Amino acid sequence: MSPTAPARRLRLGLPRRVFSQVLLMQVAIAAGVAVLATGLFLAPLSEQLDEEAMRRALAIAQTTAQDPQIAEGLLTTRPTRDGPVQKEAERVRRATHAEYIVVLNRDWVRWSHPTASQIGRRVSTDPSDALAGKEVMEIDRGTLGRSARGKVPLYDADHRIVGAVSVGIAYDNVRAQLTSAIPGLFAYAGGALAAGALAAWLISRRVQRQTRDLAFSDISALLAEREAMLHGIREGVVAIDRGGRIRLLNDEARRLLGIGDEAVGLTPDEALGAGRTTDVLAGRVTGTDLLTVRGQRVLVANRMPTGDGGAVATLRDRTELEQLGRELDSTRGLIDALRAQDHEHANRMHTLLGLLELDMYDEAVEFVGEVVGDHRATAEQVTEKIDDPLLAALLVGKATVAAERGVALWVSEHTRLPDRLVDPRGLVTIVGNLVDNALDAVAGTPHARVEAELRTEGRTVVLRVCDTGPGIPAEHRELVFTEGWSTKKPPAHGKRGLGLCLVRRLAERQGGSVTVGTAAGGGAEFTVILPEALSEPRPDPAVTGAAEPGAAAAHVPVTTEEA
């Protein structure tokens with residue numbers, strides 16, 4: 001016998017979709033409000049109808065008591081069914097549709113009643129308040145049943161109380177009014193509920209479109225996945241709302257931009273200050289893979305508008321890649337320089353071989369001495385002026401590249417830099433960028449020359465790099481420090497327009513400045529001032545003595561032999 005499949009249990013609960021849940025909750029709320037409003041309306045309605053019936057009965061009693069025939073008939077006739085009081089009371093009762101109008105004397109004896117047999121008998125309810133001159137409204141039960149009553153005193157011509165007038169309106173009529181009002185009230189409540197349900201359906205349909213008909217659990221899962229993705233990726237993400245304010249920052253964006261949670265709710269201008277990074281985030285600069293500099297970081301930014309009028313910007317750290325690109329350029333330059341030196345070395349060897357074959361030994365010895373001596377002298381001259389090994393090595397290497405490109409790299413006779421730099425790598429970056437730009441500017445021009453000068457004024461380092469190139473027009477002297485601005489063709493590994501921007505950022509980071517002007521030879525002259533770039537001098541007398549400036553020497557050309 002085959003086993004039977006287990007019976008499926010019916011599970012009751014809320015629907016999973018946001019659309020269905022929102023619709024169900026809104027309909028439930030609308031129904032609850034309709035029921036509550038109906039109850040709140042019905043609760044005082046009965047009392048209001050009772051109050052209205054009692055006031056109506058009192059008004060009829062007051063009108064009847066003011067008829068002089070009633071008081072006169074009470075004093076001059078006996079209580080009979082054909083008496084004038086009974087006739088007048090019945091006339092008023094039929095005209096006003098009251099249940100009864102009873103006229104009685106001070107002994108509680110009826111002079112009128114809808115039931116003729118009750119005339120001449122005492123009333124069943126106490127009229128003392130009315131006989132005492134008071135007007136009474138009440139709901140009470142008498143011989144005709146429960147009714148809304150109004151009682152007033154009856155005065156004669158001399159304004160003496162001679163009796164009372166009691167008017168009653170059947171309570172069944174009041175209850176009938178209440179019952180007749182309920183269907184209409186329920187109709188209004190039903191109409192309001194239907195309108196509420198329709199509005200709830202329209203709102204739920206809008207919610208369905210906006211949430212893409214997802215369930216609450218799906219939305220919660222998407223939110224958790226979004227948080228994990230935003231804070232797990234190695235790209236900075238900045239979300240901007242339609243008002244241009246920062247709505248979201250992930251961890252990488254905080255690190256790259258150097259800001260925290262306090263930036264949320266601010267505009268990029270308020271959070272970051274003026275600059276290209278701010279312009280990119282605010283959408284004032286458009287494009288793809290835009291290069292920008294923030295602090296010491298080179299960033300690649302992309303900005304994508306969103307459907308709600310905002311935007312999402314992504315930031316990638318290109319600092320290491322940019323450094324690798326520059327190192328690649330330097331390596332290619334060194335390779336070209338080594339290739340040139342290889343040719344030059346081969347030429348010298350051929351010259352030396354020819355001198356030996358011609359038995360010109362003295363000339364050969366002199367030739368070798370000149371080659372070796374020039375190399376030793378120029379290297380020593382650079383290290384004598386610049387004590388920092390990184391900067392000295394940089395200038396020697398740049399000289400090799402310059403010689404290959406047909407450019408003479410000179411170190412000024414005023415150059416003197418002790419080995420007390422606070423940030424030698426930062427100064428290496430500044431010098432390297434300025435020298436590279438100068439070499440690019442003069443390459444291919446006749447009598448090309450670049451001059452570098454490094455001197456100190458107390459703890460301040462002053463760097464000057466000038467060239468014999470075409471120079472920089474006055475209107476472009478501020479633009480050259482803008483990220484991405486360049487007149488040169490970009491290299492294969494990336495984009496240009498970052499070197500001078502980094503130079504200014506590094507100088508400003510140390511409280512310094514960078515300016516550009518016109519050199520004596522007509523080219524460009526960059527001047528960098530770095531206050532407090534040197535540490536305090538060491539107390540060692542030998543070191544202090546070494547820091548004294550030496551005798552002035554002529555401009556020393558750094559030739560290719562330095563390599």
# chains A, B, ... in the order shown; residues from 1 in each chain; ligands from 1
call {"tool": "select_by_dssp", "arguments": {"residues": "region 95-138 of chain A", "states": "strand (DSSP E)", "output": "ChimeraX atom specification"}}
result
/A:100-105,136-138
call {"tool": "write_last_selection", "arguments": {"atoms": "C-alpha atoms", "output": "compact mmCIF listing (two decimals), in the first residue's frame"}}
result
# COMPACT_ATOMS: atom_id res chain seq x y z
CA TYR A 100 -51.67 64.49 25.36
CA ILE A 101 -52.39 67.93 26.82
CA VAL A 102 -53.60 67.82 30.41
CA VAL A 103 -54.95 70.90 32.22
CA LEU A 104 -55.32 70.47 36.00
CA ASN A 105 -56.20 72.65 38.97
CA VAL A 136 -40.36 71.22 34.18
CA MET A 137 -38.89 69.02 31.38
CA GLU A 138 -38.61 65.28 31.94
call {"tool": "residues_around", "arguments": {"residues": "region 186-200 of chain A", "least_positions_apart": "2", "cutoff": "7 Å", "atoms": "only C-alpha atoms", "output": "PyMOL selection string"}}
result
chain A and resi 23+26-27+30-31+34+38+182-184+202-204
call {"tool": "closest_residue", "arguments": {"among": "A:Arg505, A:Ala452, A:Phe367, A:Arg206", "to": "Arg294 (chain A)", "atoms": "only C-alpha atoms"}}
result
A:Arg505
call {"tool": "closest_residue", "arguments": {"among": "A:Ala28, A:Met54, A:Leu534, A:Ala402", "to": "Arg149 (chain A)", "atoms": "only C-alpha atoms"}}
result
A:Met54
call {"tool": "atom_distance", "arguments": {"atom1": "CA of Leu185 (chain A)", "atom2": "CA of Phe41 (chain A)"}}
result
8.7 Å
call {"tool": "closest_residue", "arguments": {"among": "A:Ser117, A:Thr64, A:Thr278, A:Gln510", "to": "Thr96 (chain A)", "atoms": "only C-alpha atoms"}}
result
A:Thr64
call {"tool": "residues_around", "arguments": {"residues": "His414 (chain A)", "least_positions_apart": "2", "cutoff": "7 Å", "atoms": "only C-alpha atoms", "output": "ChimeraX atom specification"}}
result
/A:412,416,453,455
call {"tool": "atom_distance", "arguments": {"atom1": "CA of Leu299 (chain A)", "atom2": "CA of Val431 (chain A)"}}
result
22.1 Å
